[in-house]
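Below: upload.csv (CSV, C-alpha atoms (C1' of nucleotides))
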```csv
chain,number,residue,atom,x,y,z
A,278,MET,CA,-100.9,69.3,79.0
A,279,LYS,CA,-102.1,68.9,82.6
A,280,THR,CA,-101.0,71.6,85.0
A,281,GLU,CA,-99.7,70.4,88.3
A,282,GLU,CA,-100.7,72.3,91.4
A,283,LEU,CA,-98.0,73.0,93.9
A,284,LYS,CA,-99.9,73.3,97.1
A,285,TYR,CA,-97.3,72.9,99.8
A,286,LYS,CA,-95.4,76.0,100.7
A,287,LEU,CA,-92.4,76.4,102.9
A,288,SER,CA,-90.8,79.8,103.6
A,289,MET,CA,-87.4,80.8,104.6
A,290,GLU,CA,-85.3,84.0,104.7
A,291,LEU,CA,-81.7,84.0,103.5
A,292,GLU,CA,-79.1,86.8,103.7
A,293,PRO,CA,-77.0,87.4,100.7
A,294,LYS,CA,-73.7,89.1,101.0
A,295,ALA,CA,-74.1,92.8,100.7
A,296,PRO,CA,-74.2,94.6,98.4
A,297,TYR,CA,-76.7,92.5,96.6
A,298,ASN,CA,-78.9,94.1,93.9
A,299,PHE,CA,-82.1,92.1,93.9
A,300,ASP,CA,-83.6,93.4,90.6
A,301,ALA,CA,-80.3,93.5,88.7
A,302,ASN,CA,-79.6,89.9,89.8
A,303,PHE,CA,-82.9,88.2,89.3
A,304,HIS,CA,-83.6,90.0,86.1
A,305,LYS,CA,-81.2,90.3,83.2
A,306,PRO,CA,-82.9,92.4,80.5
A,307,SER,CA,-80.5,91.2,77.8
A,308,HIS,CA,-81.7,87.6,78.1
A,309,PHE,CA,-84.7,86.6,76.1
A,310,PRO,CA,-87.8,85.9,78.2
A,311,SER,CA,-89.0,82.3,78.8
A,312,SER,CA,-92.0,80.8,80.4
A,313,ASP,CA,-90.2,79.2,83.3
A,314,ASN,CA,-89.8,82.5,85.2
A,315,ILE,CA,-91.3,85.9,85.8
A,316,TRP,CA,-89.8,89.0,87.2
A,317,ARG,CA,-91.5,92.0,88.8
A,318,LYS,CA,-89.8,94.7,90.8
A,319,GLY,CA,-88.7,93.2,94.1
A,320,LYS,CA,-90.2,89.8,93.2
A,321,TYR,CA,-89.2,86.8,91.1
A,322,TRP,CA,-90.8,83.4,90.3
A,323,ILE,CA,-89.0,80.5,88.8
A,324,THR,CA,-89.5,76.8,88.5
A,325,MET,CA,-86.8,74.3,89.5
A,326,VAL,CA,-86.3,70.6,89.0
A,327,TRP,CA,-84.3,69.3,91.9
A,328,LYS,CA,-83.7,65.7,92.9
A,329,GLY,CA,-86.7,64.4,91.1
A,330,ARG,CA,-89.1,67.1,92.4
A,331,TYR,CA,-90.8,69.9,90.5
A,332,LEU,CA,-90.6,73.1,92.6
A,333,GLY,CA,-91.9,76.6,92.3
A,334,LEU,CA,-89.8,79.3,93.9
A,335,LYS,CA,-90.8,82.8,94.8
A,336,PHE,CA,-88.2,85.3,95.9
A,337,GLU,CA,-89.0,88.6,97.5
A,338,ASP,CA,-86.7,91.5,98.2
A,339,LYS,CA,-86.6,92.3,102.0
A,340,LYS,CA,-83.8,94.8,102.0
A,341,ASN,CA,-80.9,92.9,103.5
A,342,LYS,CA,-82.6,89.6,103.3
A,343,ILE,CA,-84.5,87.6,100.7
A,344,LYS,CA,-87.6,85.7,101.4
A,345,ILE,CA,-88.0,82.5,99.6
A,346,ASP,CA,-91.2,80.5,99.3
A,347,VAL,CA,-90.6,76.9,98.1
A,348,TYR,CA,-93.8,75.4,96.6
A,349,SER,CA,-94.1,71.7,96.0
A,350,LYS,CA,-96.7,69.0,95.2
A,351,LYS,CA,-96.0,67.1,98.4
A,352,SER,CA,-94.5,68.3,101.7
A,353,LEU,CA,-90.7,68.3,101.6
A,354,PRO,CA,-88.5,66.4,104.0
A,355,LYS,CA,-86.1,68.3,106.1
A,356,GLU,CA,-83.1,66.7,104.4
A,357,PHE,CA,-84.3,67.9,101.1
A,358,ILE,CA,-84.4,71.5,102.3
A,359,LYS,CA,-81.1,71.2,103.9
A,360,ASP,CA,-79.7,70.3,100.6
A,361,LEU,CA,-81.6,72.8,98.6
A,362,THR,CA,-80.6,75.8,100.6
A,363,PRO,CA,-76.9,75.9,99.6
A,364,GLU,CA,-77.9,75.2,96.0
A,365,LEU,CA,-80.1,78.3,96.0
A,366,ARG,CA,-77.3,80.3,97.5
A,367,TYR,CA,-75.1,79.2,94.7
A,368,ARG,CA,-77.5,79.6,91.9
A,369,PHE,CA,-78.4,83.1,92.9
A,370,ASN,CA,-74.9,83.9,93.8
A,371,PHE,CA,-75.5,85.0,97.4
A,372,ASP,CA,-72.0,84.6,98.6
A,373,GLN,CA,-69.6,86.0,96.0
A,374,ASP,CA,-67.7,89.1,97.2
A,375,ILE,CA,-67.3,91.7,94.5
A,376,SER,CA,-66.5,94.6,96.7
A,377,ASN,CA,-63.0,94.9,95.2
A,378,PHE,CA,-64.5,95.5,91.8
A,379,TYR,CA,-66.5,98.3,93.2
A,380,ASN,CA,-63.6,99.8,95.1
A,381,GLN,CA,-61.2,99.5,92.2
A,382,LEU,CA,-63.4,101.0,89.5
A,383,LYS,CA,-66.1,103.1,91.1
A,384,ASN,CA,-64.3,106.3,89.9
A,385,GLU,CA,-63.1,105.0,86.6
A,386,LYS,CA,-64.1,107.1,83.7
A,387,PRO,CA,-66.7,105.3,81.5
A,388,LEU,CA,-67.5,102.6,84.0
A,389,GLY,CA,-67.7,104.3,87.4
A,390,PRO,CA,-71.2,105.8,87.1
A,391,ILE,CA,-72.6,102.5,85.8
A,392,ILE,CA,-71.0,100.5,88.6
A,393,ARG,CA,-72.4,102.9,91.2
A,394,LYS,CA,-75.8,102.7,89.6
A,395,TRP,CA,-75.9,98.9,89.6
A,396,GLU,CA,-73.9,98.3,92.8
A,397,GLY,CA,-74.4,94.7,93.8
A,398,MET,CA,-75.1,93.3,90.4
A,399,LYS,CA,-73.5,89.9,89.8
A,400,PRO,CA,-73.6,87.0,87.4
A,401,ILE,CA,-76.5,84.6,88.2
A,402,ALA,CA,-76.8,81.0,87.2
A,403,ALA,CA,-80.5,80.5,88.0
A,404,ASN,CA,-80.5,77.2,86.2
A,405,SER,CA,-78.6,73.9,86.5
A,406,LEU,CA,-75.7,73.3,84.2
A,407,TYR,CA,-77.7,71.0,82.0
A,408,GLU,CA,-80.5,73.5,81.6
A,409,THR,CA,-78.1,76.3,80.9
A,410,LEU,CA,-76.4,74.3,78.1
A,411,ILE,CA,-79.9,73.6,76.6
A,412,ILE,CA,-80.4,77.3,76.5
A,413,TYR,CA,-77.0,77.9,74.9
A,414,ILE,CA,-77.7,75.3,72.2
A,415,VAL,CA,-81.0,76.9,71.2
A,416,LEU,CA,-79.2,80.2,71.0
A,417,GLN,CA,-76.6,79.0,68.6
A,418,ASN,CA,-76.9,80.3,65.0
A,419,ALA,CA,-80.5,81.5,65.5
A,420,THR,CA,-82.3,84.8,66.0
A,421,VAL,CA,-83.9,85.6,69.3
A,422,ARG,CA,-87.4,84.7,68.2
A,423,ARG,CA,-86.4,81.3,66.9
A,424,SER,CA,-84.4,80.5,70.1
A,425,ASN,CA,-87.4,81.4,72.1
A,426,GLN,CA,-89.7,79.3,70.0
A,427,MET,CA,-87.3,76.3,70.2
A,428,LEU,CA,-87.1,76.5,74.0
A,429,GLU,CA,-90.9,76.8,74.4
A,430,ASN,CA,-91.4,73.8,72.1
A,431,LEU,CA,-89.0,71.8,74.3
A,432,PHE,CA,-90.7,72.9,77.5
A,433,ASN,CA,-94.0,71.8,76.1
A,434,LYS,CA,-92.7,68.4,75.0
A,435,PHE,CA,-90.4,67.5,77.9
A,436,GLY,CA,-91.2,69.7,80.8
A,437,LYS,CA,-94.4,70.3,82.9
A,438,LYS,CA,-96.6,73.2,83.7
A,439,VAL,CA,-96.8,74.0,87.4
A,440,LYS,CA,-99.1,76.4,89.2
A,441,PHE,CA,-98.0,78.2,92.4
A,442,ASP,CA,-98.8,81.6,93.9
A,443,ASN,CA,-101.3,82.1,91.1
A,444,LYS,CA,-98.6,81.8,88.4
A,445,THR,CA,-98.5,79.0,85.9
A,446,LEU,CA,-95.0,78.4,84.6
A,447,SER,CA,-93.1,75.8,82.5
A,448,THR,CA,-90.4,73.6,84.0
A,449,PHE,CA,-87.3,72.0,82.5
A,450,TRP,CA,-86.9,68.3,82.6
A,451,GLU,CA,-84.4,65.8,83.8
A,452,PRO,CA,-82.0,64.5,81.1
A,453,GLU,CA,-83.4,60.9,81.5
A,454,ILE,CA,-86.7,62.2,80.0
A,455,MET,CA,-85.2,63.7,76.9
A,456,GLU,CA,-82.9,60.7,76.4
A,457,LYS,CA,-85.9,58.6,75.5
A,458,SER,CA,-86.7,60.8,72.6
A,459,SER,CA,-85.3,60.3,69.1
A,460,GLU,CA,-83.6,62.7,66.8
A,461,GLU,CA,-86.6,62.6,64.5
A,462,GLY,CA,-88.9,63.4,67.5
A,463,LEU,CA,-86.8,66.4,68.3
A,464,ARG,CA,-86.8,67.7,64.8
A,465,GLU,CA,-90.6,68.0,65.0
A,466,LEU,CA,-90.0,70.7,67.5
A,467,LYS,CA,-88.2,72.8,64.9
A,468,VAL,CA,-84.8,72.6,66.5
A,469,GLY,CA,-83.3,71.6,63.2
A,470,TYR,CA,-79.8,70.2,63.2
A,471,ARG,CA,-79.6,70.9,67.0
A,472,ALA,CA,-81.6,67.7,67.5
A,473,LYS,CA,-78.5,65.6,67.3
A,474,THR,CA,-76.7,68.0,69.6
A,475,LEU,CA,-79.5,67.9,72.2
A,476,ILE,CA,-79.6,64.1,72.2
A,477,ASN,CA,-75.8,63.7,72.4
A,478,LEU,CA,-75.5,66.3,75.2
A,479,THR,CA,-78.4,64.8,77.1
A,480,LYS,CA,-76.8,61.3,76.9
A,481,GLN,CA,-73.6,62.7,78.4
A,482,PHE,CA,-75.5,64.0,81.4
A,483,VAL,CA,-77.4,60.7,81.8
A,484,ASN,CA,-74.1,58.9,81.7
A,485,LYS,CA,-72.8,61.3,84.3
A,486,ASP,CA,-69.8,62.1,82.1
A,487,ILE,CA,-70.0,65.5,83.8
A,488,ASP,CA,-70.6,66.5,87.4
A,489,GLU,CA,-71.6,70.1,87.8
A,490,PHE,CA,-70.8,70.1,91.6
A,491,LYS,CA,-67.3,68.8,91.0
A,492,LEU,CA,-66.7,71.4,88.3
A,493,ARG,CA,-67.6,74.2,90.7
A,494,LYS,CA,-64.5,73.4,92.7
A,495,LEU,CA,-62.1,73.4,89.7
A,496,SER,CA,-60.1,76.2,88.1
A,497,ARG,CA,-61.2,78.1,85.0
A,498,GLU,CA,-58.9,76.2,82.7
A,499,GLU,CA,-59.9,72.8,84.1
A,500,ILE,CA,-63.6,73.6,83.7
A,501,LYS,CA,-63.1,74.9,80.2
A,502,LYS,CA,-61.3,71.7,79.2
A,503,ASP,CA,-64.1,69.5,80.6
A,504,ILE,CA,-66.9,71.5,79.2
A,505,LEU,CA,-65.4,71.5,75.7
A,506,LYS,CA,-65.7,67.7,75.7
A,507,LEU,CA,-69.5,68.1,75.6
A,508,TYR,CA,-71.0,67.6,72.2
A,509,GLY,CA,-72.3,70.9,70.7
A,510,ILE,CA,-70.5,73.1,73.2
A,511,GLY,CA,-67.7,75.2,71.7
A,512,PRO,CA,-65.6,78.2,72.6
A,513,ALA,CA,-68.4,80.7,72.4
A,514,SER,CA,-70.7,78.8,74.7
A,515,VAL,CA,-67.9,78.1,77.1
A,516,GLU,CA,-67.0,81.8,77.2
A,517,TYR,CA,-70.5,82.6,78.4
A,518,LEU,CA,-70.7,79.6,80.8
A,519,LEU,CA,-67.5,80.5,82.7
A,520,PHE,CA,-69.1,83.8,83.7
A,521,GLU,CA,-72.8,83.0,84.0
A,522,ASP,CA,-72.6,79.6,85.6
A,523,PHE,CA,-69.2,79.4,87.3
A,524,TYR,CA,-68.8,83.1,88.2
A,525,PHE,CA,-65.3,83.8,86.8
A,526,LEU,CA,-65.2,87.5,86.4
A,527,ASP,CA,-62.0,87.8,84.4
A,528,ALA,CA,-60.4,86.4,81.2
A,529,LEU,CA,-62.4,87.9,78.4
A,530,GLU,CA,-61.3,86.1,75.3
A,531,ILE,CA,-64.1,86.2,72.8
A,532,ILE,CA,-66.4,88.9,71.6
A,533,PRO,CA,-69.2,87.3,69.5
A,534,PRO,CA,-70.2,89.1,66.3
A,535,TRP,CA,-73.5,90.4,67.7
A,536,GLU,CA,-71.7,91.9,70.8
A,537,GLN,CA,-69.0,93.2,68.6
A,538,LYS,CA,-71.5,95.3,66.6
A,539,ILE,CA,-73.1,96.7,69.7
A,540,PHE,CA,-69.9,97.5,71.5
A,541,SER,CA,-68.5,99.1,68.4
A,542,MET,CA,-71.4,101.6,68.5
A,543,LEU,CA,-71.4,101.9,72.3
A,544,LEU,CA,-67.7,102.4,73.0
A,545,PHE,CA,-66.4,103.8,69.7
A,546,ASN,CA,-69.5,105.2,68.0
A,547,LYS,CA,-68.5,103.3,64.9
A,548,LYS,CA,-70.4,100.7,62.9
A,549,LEU,CA,-67.8,97.9,63.2
A,550,VAL,CA,-64.4,98.0,64.9
A,551,PRO,CA,-62.2,94.8,65.1
A,552,ALA,CA,-63.0,92.5,67.9
A,553,LYS,CA,-59.4,92.7,69.0
A,554,LYS,CA,-59.8,96.4,69.7
A,555,ILE,CA,-62.8,95.8,71.9
A,556,LEU,CA,-61.0,93.1,73.8
A,557,ASN,CA,-58.1,95.5,74.3
A,558,PHE,CA,-60.5,98.1,75.6
A,559,PHE,CA,-61.7,95.8,78.4
A,560,LYS,CA,-58.1,94.9,79.5
A,561,ARG,CA,-58.1,98.0,81.6
A,562,TYR,CA,-60.6,96.4,83.9
A,563,LYS,CA,-58.4,93.4,84.8
A,564,PRO,CA,-59.1,91.2,86.7
A,565,TYR,CA,-62.8,92.0,86.2
A,566,GLU,CA,-63.0,92.2,82.4
A,567,LYS,CA,-66.1,90.0,82.1
A,568,LEU,CA,-67.9,91.7,85.0
A,569,ALA,CA,-67.2,95.1,83.4
A,570,VAL,CA,-68.7,93.8,80.1
A,571,HIS,CA,-71.7,92.6,82.1
A,572,TYR,CA,-72.3,96.0,83.7
A,573,ILE,CA,-72.1,97.9,80.5
A,574,TRP,CA,-74.2,95.3,78.6
A,575,GLU,CA,-77.0,95.0,81.1
A,576,ASP,CA,-77.1,98.8,81.7
A,577,LEU,CA,-77.7,99.3,78.0
A,578,PHE,CA,-80.6,96.7,78.0
A,579,TRP,CA,-82.1,98.3,81.2
A,580,LYS,CA,-82.1,101.6,79.3
A,581,ARG,CA,-83.8,99.9,76.4
A,582,LYS,CA,-86.8,99.2,78.6
A,583,HIS,CA,-87.9,102.8,78.7
A,584,GLU,CA,-85.8,104.4,76.0
A,585,HIS,CA,-85.9,103.8,72.2
A,586,ILE,CA,-82.3,103.3,71.0
A,587,GLU,CA,-82.6,103.2,67.2
A,588,TRP,CA,-79.2,101.6,66.3
A,589,LEU,CA,-79.7,99.0,69.0
A,590,GLU,CA,-83.1,98.0,67.8
A,591,LYS,CA,-81.6,97.3,64.4
A,592,GLU,CA,-79.1,94.9,65.9
A,593,ILE,CA,-81.6,93.0,68.0
A,594,ARG,CA,-83.0,90.8,65.3
A,595,LEU,CA,-86.3,89.2,66.2
B,10,DC,C1',-89.3,83.9,43.5
B,11,DA,C1',-84.2,83.2,45.3
B,12,DT,C1',-80.7,84.2,48.6
B,13,DC,C1',-78.8,85.0,52.9
B,14,DA,C1',-77.6,85.4,57.7
B,15,DG,C1',-78.7,84.6,62.4
B,16,DG,C1',-75.9,85.5,70.0
B,17,DG,C1',-71.8,78.3,66.4
B,18,DC,C1',-70.2,73.9,66.1
B,19,DC,C1',-68.7,69.7,63.9
B,20,DC,C1',-66.2,67.5,60.5
B,21,DT,C1',-63.3,67.0,56.7
B,22,DG,C1',-59.3,67.7,53.9
C,69,DC,C1',-56.4,75.5,60.3
C,70,DA,C1',-59.8,77.0,56.8
C,71,DG,C1',-64.1,76.4,55.1
C,72,DG,C1',-68.4,73.9,54.0
C,73,DG,C1',-72.7,72.2,55.8
C,74,DC,C1',-76.3,72.3,58.9
C,75,DC,C1',-82.4,73.3,60.3
C,76,DC,C1',-85.4,76.8,60.1
C,77,DT,C1',-87.1,81.5,59.7
C,78,DG,C1',-87.8,86.2,58.4
C,79,DA,C1',-85.5,90.0,55.9
C,80,DT,C1',-84.2,91.7,51.6
```
Whole structure given in structure tokens:
Amino acid sequence: MKTEELKYKLSMELEPKAPYNFDANFHKPSHFPSSDNIWRKGKYWITMVWKGRYLGLKFEDKKNKIKIDVYSKKSLPKEFIKDLTPELRYRFNFDQDISNFYNQLKNEKPLGPIIRKWEGMKPIAANSLYETLIIYIVLQNATVRRSNQMLENLFNKFGKKVKFDNKTLSTFWEPEIMEKSSEEGLRELKVGYRAKTLINLTKQFVNKDIDEFKLRKLSREEIKKDILKLYGIGPASVEYLLFEDFYFLDALEIIPPWEQKIFSMLLFNKKLVPAKKILNFFKRYKPYEKLAVHYIWEDLFWKRKHEHIEWLEKEIRL
DNA sequence: CATCAGGGCCCTG
DNA sequence: CAGGGCCCTGAT
């Protein structure tokens, strides 16, 4: 595949609402790595497909501000940037105020120290709704290695490779591109029965059955209802989506089996406790149940970077 | 070699 | 509302 050089660069500085934890927001160690982004301490590169253009973004931590370089193939019109800026603020959650969470729970027993350690950590969407749903579909009923392989196969078939700031990264694609593909064509990419799901879901986006920007203005229950209409998206995916893409911090309703095992060990030091018991544990953090889960979860995976946690390694099936 | 489950969801009865 | 089937892969 031909690599596209993104030669034009435009820089800006934006100020996220403090406290904003750059590294804990741009990098989520529990997520599996993918070739559309790279994180290094204080720096982050990711590709973005926005209004028909393939962009490279570089973010740099400048204390209270974040420097953003937008790379593109051709120079970008003013209007384009004017439009892109609020989208970046949304995707990287620059404006959500979570100070009440900190104030309410900074001295709570198991959670306090973790909150103080990761102050300013928030959910981050990073991708468009369509892209996020693609990721969720490859996650379903698969181990991490296979999810990763499926996503890379999709990148290679439908996305591009772009080079900017000496990094070559994959991009996602617009739904119109995948729509032209057939179910059989997708099966060659080893996505298995998800081929049908990907096609159906993509068609729903091409037909504009769903509008991510309208959804952002709706209530949790309204979003849930609309998203569940999408083919291949069920309760487990919605549960993740409400937090990761729409930033609802409360209403924890589902603990997937994999998380159940890990929280059983982490919170109760037992092999497997009922999901109900774990859900009950998190009720004490109302109305920040999901954010509390996020802090405990990511803290564990940050630890894993430099510490071998035997029981955890067994649960992370590659 | 066979069998099974893995960060679910759809469809059927 | 419960349960079978689904692609593919690696573990057992």
How close does each residue of chain B get to chain A, giving the shortest atom pair and distance in Å to one decimal for every residue with an atom at most 10 Å away, counting all atoms listed in the file, sorted by chain and residue number, as a Markdown table?
```
| residue | atom | partner | partner_atom | distance |
| --- | --- | --- | --- | --- |
| B:DA14 | C1' | A:Asn418 | CA | 8.9 |
| B:DG15 | C1' | A:Ala419 | CA | 4.7 |
| B:DG16 | C1' | A:Trp535 | CA | 5.9 |
| B:DG17 | C1' | A:Gln417 | CA | 5.3 |
| B:DC18 | C1' | A:Gly509 | CA | 5.9 |
| B:DC19 | C1' | A:Gly509 | CA | 7.8 |
```
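The interatomic distance for the pair atom CA of Glu460 of chain A and atom CA of Asp488 of chain A works out to 24.7 Å.
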Counting all atoms listed in the file, which residues of chain A fall within 7 Å of chain C, and what is the closest atom pair for each with its distance in Å at one decimal, ordered by chain and rising number, as a tab-separated table?
```
residue	atom	partner	partner_atom	distance
A:Lys467	CA	C:DC76	C1'	6.8
A:Val468	CA	C:DC75	C1'	6.7
A:Gly469	CA	C:DC75	C1'	3.5
A:Tyr470	CA	C:DC75	C1'	5.0
```
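Between atom CA of Glu385 of chain A and atom CA of Glu592 of chain A lies a distance of 28.0 Å.
Pairwise distance (atom CA of Glu408 of chain A, atom CA of Phe336 of chain A) equals 20.1 Å.
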